[in-house]
Protein chains: 4
Amino acid sequence: VEQTCSAFGLTTVEFGELRQRADAAKATAYCPYSNFHVGAVLLTRAGAYISGANVENASYPVTTCAERVAFGKAITEGHRGFKAVAVATDISPPASPCGMCRQCIREFCDLTTPIIMFDKDGNYSVMRLEVLLPLSFGPESLGVPSAA
Amino acid sequence: VEQTCSAFGLTTVEFGELRQRADAAKATAYCPYSNFHVGAVLLTRAGAYISGANVENASYPVTTCAERVAFGKAITEGHRGFKAVAVATDISPPASPCGMCRQCIREFCDLTTPIIMFDKDGNYSVMRLEVLLPLSFGPESLGVPSAA
Amino acid sequence: VEQTCSAFGLTTVEFGELRQRADAAKATAYCPYSNFHVGAVLLTRAGAYISGANVENASYPVTTCAERVAFGKAITEGHRGFKAVAVATDISPPASPCGMCRQCIREFCDLTTPIIMFDKDGNYSVMRLEVLLPLSFGPESLGVPSAA
Amino acid sequence: VEQTCSAFGLTTVEFGELRQRADAAKATAYCPYSNFHVGAVLLTRAGAYISGANVENASYPVTTCAERVAFGKAITEGHRGFKAVAVATDISPPASPCGMCRQCIREFCDLTTPIIMFDKDGNYSVMRLEVLLPLSFGPESLGVPSAA
Ligand SMILES: [Zn+2]
Ligand SMILES: [Zn+2]
Ligand SMILES: [Zn+2]
Ligand SMILES: [Zn+2]
């Protein structure tokens, strides 16, 4: 954990908060169709934590994943500038964000932002956005100022 | 307004709050692609108000509409039992929720729930969910207990 | 059936084709997550039939419903001007298009277009788009010429 | 091109077909909202080519990208086993599939499948799926047999 924190510019307290909050967020999921609980937490450069979980729908494509629920909250509550994204699931090895969520993260985060993926026991993998979504396009590609 | 409130089981104070909060929520939208600001507010039977706005994406289908942002927040923060849904836009006549959002509302609200649509001047239309999305299917259709 | 055809401007041959093709389309679904097969068929004013079925994804929101698969095919193959939309499922009473699909239909069809919903035995309901998605918005609302 | 073909198991004829068909598919897009034309082509191991283009909607999240239109067609027409995916746009450097589409490709293709991205002049980049969507999850993660 210390090496991870050092490599990605986080304090161990921040890392601990991300782990605990991502785990807790799982319990807030509405997932009667998949029974697959996902928790997500965003940490802003200003030090705020914003949580989300998956909210499913009888029409599957109307589902919103945990990461997009968290960004929906964060953006509409005025947060900008994200330092880390964490997700937690009940499987092992840890699950990564789906491609749709990687694209959502891309809209609001620098390419170097670490994405921390926790498994059911709190073990984790971590990768930067640019590794999880290489060659990506975002606001700049469409002439819109970056929201990162 | 008084007639509307009486017909739909709202107080005039609640109606006023919904109008003011839906209008205010528009300013929290992230919509650099459409420049179309939408605000949404949910009122729970317990008296809580939860706001949201549209959060767009360079990949258009990754966009989350205002209503779904609001439900994402509400559900993951533990709210259940909604008394009314309000949306506000900057056009006139007022815009209604898109079909995708009507399906999201369907997941969490009774069919009689009023959906209030405010235009740029605060004028409004109101229709029950069962009118905006007749013959709908929801959790019960898939053997899942209703979340309304 | 004859009354339905007369009311909605279809021939009984067209109606029979829609019923048979919607039923057949169900078998082409990829739905290992929901096991819910949906078939959809579009009939153009020029007399062409275009079929689709649901194509699901391990990330539920990446799923494309049957109706949207059919419109994706039809539009990119140059079809415009739709006379009827039919959907078929394995339940009874018949399932209706989800809200997201009603919005997709709205983009490409007149408000009076009949949407025919077949149950597992070929029994059906039929409603015009304007009834299934009242107060809708579409291309015109955003200053784009109608694609209907 | 010869080196690319050799590295990714394609013939130069196949590569030429992919380039020409992806370019041609752009003209079939329905994109009045973004004016951003995208063409996609799938090549199956059996030698079939299936094309698609983006089909947008007044409600942006109801949009279907070119890649997902092509897979919708291909899967419901019975194709399985894809050898390559090609996309073409009118910009340079070439645009890559959005994250949502990478997840769709993941459902139906081996991780080693090449994704060829053509720019407006037919120049290209190519990357394997496992590079564009590392650490991905798919059907197997949910106990469903791979559809690749
Ligand atoms: Zn996701
Ligand atoms: Zn919507
Ligand atoms: Zn649908
Ligand atoms: Zn895409």
# chains A, B, ... in the order shown; residues from 1 in each chain; ligands from 1
>>> residues_around(residues="stretch 10-15 of chain D", least_positions_apart="3", cutoff="9 Å", atoms="only C-alpha atoms", output="JSON, numbers by chain")
{"D": [1, 2, 4, 5, 6, 7, 18, 19, 20, 43, 47, 83, 84]}
>>> residues_around(residues="A:Val69", least_positions_apart="2", cutoff="8 Å", atoms="only C-alpha atoms", output="VMD selection string")
(chain A and resid 52 to 55 64 to 67 71 to 73) or (chain B and resid 69 72 to 73)
>>> write_last_selection(atoms="C-alpha atoms", output="PDB file, in the first residue's frame")
ATOM      1  CA  GLY A  52     -22.003   5.538  -5.823  1.00  0.00           C
ATOM      2  CA  ALA A  53     -23.269   2.056  -6.551  1.00  0.00           C
ATOM      3  CA  ASN A  54     -24.974   0.341  -9.473  1.00  0.00           C
ATOM      4  CA  VAL A  55     -28.665   1.107 -10.046  1.00  0.00           C
ATOM      5  CA  THR A  64     -26.462   2.979 -14.479  1.00  0.00           C
ATOM      6  CA  CYS A  65     -23.162   1.503 -13.230  1.00  0.00           C
ATOM      7  CA  ALA A  66     -21.627   2.486  -9.898  1.00  0.00           C
ATOM      8  CA  GLU A  67     -18.942   4.686 -11.421  1.00  0.00           C
ATOM      9  CA  PHE A  71     -19.766  10.906 -11.348  1.00  0.00           C
ATOM     10  CA  GLY A  72     -23.391  11.986 -11.791  1.00  0.00           C
ATOM     11  CA  LYS A  73     -23.508  12.980  -8.126  1.00  0.00           C
TER      12      LYS A  73
ATOM     13  CA  VAL B  69     -28.674  11.206 -12.141  1.00  0.00           C
ATOM     14  CA  GLY B  72     -28.870   7.288  -8.975  1.00  0.00           C
ATOM     15  CA  LYS B  73     -28.238   9.637  -6.058  1.00  0.00           C
TER      16      LYS B  73
END
>>> residues_near_ligand(ligand="ligand 2", cutoff="9 Å", atoms="only C-alpha atoms and all ligand atoms", output="list in words")
Asn54, Thr64, Cys65, Ala66, Glu67, Arg68, Ser96, Pro97, Cys98, Gly99, Met100, Cys101, Arg102 and Cys104 of chain B; Met100 of chain C; Ser59, Tyr60, Pro61 and Val62 of chain D
>>> residues_around(residues="D:Pro114", least_positions_apart="5", cutoff="8 Å", atoms="only C-alpha atoms", output="list in words")
Phe8, Lys83, Ala84, Val85, Val126, Met127, Arg128 and Leu129 of chain D
>>> interface_residues(of="chain A", to="chain B", cutoff="6 Å", atoms="only C-alpha atoms", output="ChimeraX atom specification")
/A:28,58,69,72,76,138-139
>>> select_by_dssp(residues="stretch 6-117 of chain A", states="alpha helix (DSSP H)", output="PyMOL selection string")
chain A and resi 6-8+12-26+66-76+99-108
>>> residues_around(residues="stretch 117-122 of chain D", least_positions_apart="5", cutoff="7 Å", atoms="only C-alpha atoms", output="ChimeraX atom specification")
/D:19,86-96
>>> write_last_selection(atoms="N, CA, C and O atoms", output="PDB file, in the first residue's frame")
ATOM      1  N   ARG D  19     -10.873  -1.605 -45.403  1.00  0.00           N
ATOM      2  CA  ARG D  19     -10.675  -0.164 -45.581  1.00  0.00           C
ATOM      3  C   ARG D  19     -11.772   0.440 -46.450  1.00  0.00           C
ATOM      4  O   ARG D  19     -12.344   1.465 -46.114  1.00  0.00           O
ATOM      5  N   ALA D  86     -13.045  -3.131 -38.041  1.00  0.00           N
ATOM      6  CA  ALA D  86     -12.491  -1.895 -38.603  1.00  0.00           C
ATOM      7  C   ALA D  86     -13.454  -0.744 -38.376  1.00  0.00           C
ATOM      8  O   ALA D  86     -14.671  -0.929 -38.439  1.00  0.00           O
ATOM      9  N   VAL D  87     -12.910   0.441 -38.075  1.00  0.00           N
ATOM     10  CA  VAL D  87     -13.741   1.645 -37.945  1.00  0.00           C
ATOM     11  C   VAL D  87     -13.100   2.762 -38.747  1.00  0.00           C
ATOM     12  O   VAL D  87     -11.869   2.844 -38.863  1.00  0.00           O
ATOM     13  N   ALA D  88     -13.924   3.636 -39.286  1.00  0.00           N
ATOM     14  CA  ALA D  88     -13.413   4.762 -40.075  1.00  0.00           C
ATOM     15  C   ALA D  88     -14.158   6.026 -39.702  1.00  0.00           C
ATOM     16  O   ALA D  88     -15.369   6.000 -39.480  1.00  0.00           O
ATOM     17  N   THR D  89     -13.411   7.132 -39.603  1.00  0.00           N
ATOM     18  CA  THR D  89     -14.027   8.429 -39.309  1.00  0.00           C
ATOM     19  C   THR D  89     -13.432   9.482 -40.242  1.00  0.00           C
ATOM     20  O   THR D  89     -12.538   9.176 -41.033  1.00  0.00           O
ATOM     21  N   ASP D  90     -13.913  10.717 -40.107  1.00  0.00           N
ATOM     22  CA  ASP D  90     -13.440  11.784 -40.986  1.00  0.00           C
ATOM     23  C   ASP D  90     -12.389  12.656 -40.330  1.00  0.00           C
ATOM     24  O   ASP D  90     -12.217  13.826 -40.728  1.00  0.00           O
ATOM     25  N   ILE D  91     -11.733  12.133 -39.301  1.00  0.00           N
ATOM     26  CA  ILE D  91     -10.699  12.933 -38.657  1.00  0.00           C
ATOM     27  C   ILE D  91      -9.341  12.247 -38.777  1.00  0.00           C
ATOM     28  O   ILE D  91      -9.231  11.116 -39.252  1.00  0.00           O
ATOM     29  N   SER D  92      -8.330  12.951 -38.334  1.00  0.00           N
ATOM     30  CA  SER D  92      -6.972  12.423 -38.360  1.00  0.00           C
ATOM     31  C   SER D  92      -6.241  13.048 -37.179  1.00  0.00           C
ATOM     32  O   SER D  92      -6.316  14.264 -37.006  1.00  0.00           O
ATOM     33  N   PRO D  93      -5.496  12.300 -36.341  1.00  0.00           N
ATOM     34  CA  PRO D  93      -5.317  10.855 -36.415  1.00  0.00           C
ATOM     35  C   PRO D  93      -6.631  10.106 -36.240  1.00  0.00           C
ATOM     36  O   PRO D  93      -7.608  10.698 -35.771  1.00  0.00           O
ATOM     37  N   PRO D  94      -6.657   8.836 -36.595  1.00  0.00           N
ATOM     38  CA  PRO D  94      -7.902   8.060 -36.566  1.00  0.00           C
ATOM     39  C   PRO D  94      -8.515   7.983 -35.177  1.00  0.00           C
ATOM     40  O   PRO D  94      -7.797   7.951 -34.174  1.00  0.00           O
ATOM     41  N   ALA D  95      -9.836   7.968 -35.119  1.00  0.00           N
ATOM     42  CA  ALA D  95     -10.544   7.826 -33.845  1.00  0.00           C
ATOM     43  C   ALA D  95     -10.636   6.346 -33.480  1.00  0.00           C
ATOM     44  O   ALA D  95     -10.743   5.482 -34.345  1.00  0.00           O
ATOM     45  N   SER D  96     -10.605   6.087 -32.192  1.00  0.00           N
ATOM     46  CA  SER D  96     -10.732   4.713 -31.686  1.00  0.00           C
ATOM     47  C   SER D  96     -12.169   4.483 -31.248  1.00  0.00           C
ATOM     48  O   SER D  96     -12.925   5.430 -31.056  1.00  0.00           O
TER      49      SER D  96
END
>>> atom_distance(atom1="atom CA of C:Glu130", atom2="atom CA of C:Asp110")
8.5 Å
>>> closest_residue(among="C:Tyr49, C:Val131, C:Thr44, C:Asn35", to="C:Ala22", atoms="only C-alpha atoms")
C:Tyr49
>>> atom_distance(atom1="atom CA of C:Gly16", atom2="atom CA of C:Leu132")
22.6 Å
>>> atom_distance(atom1="atom CA of C:Asn123", atom2="atom CA of B:Ser136")
17.7 Å
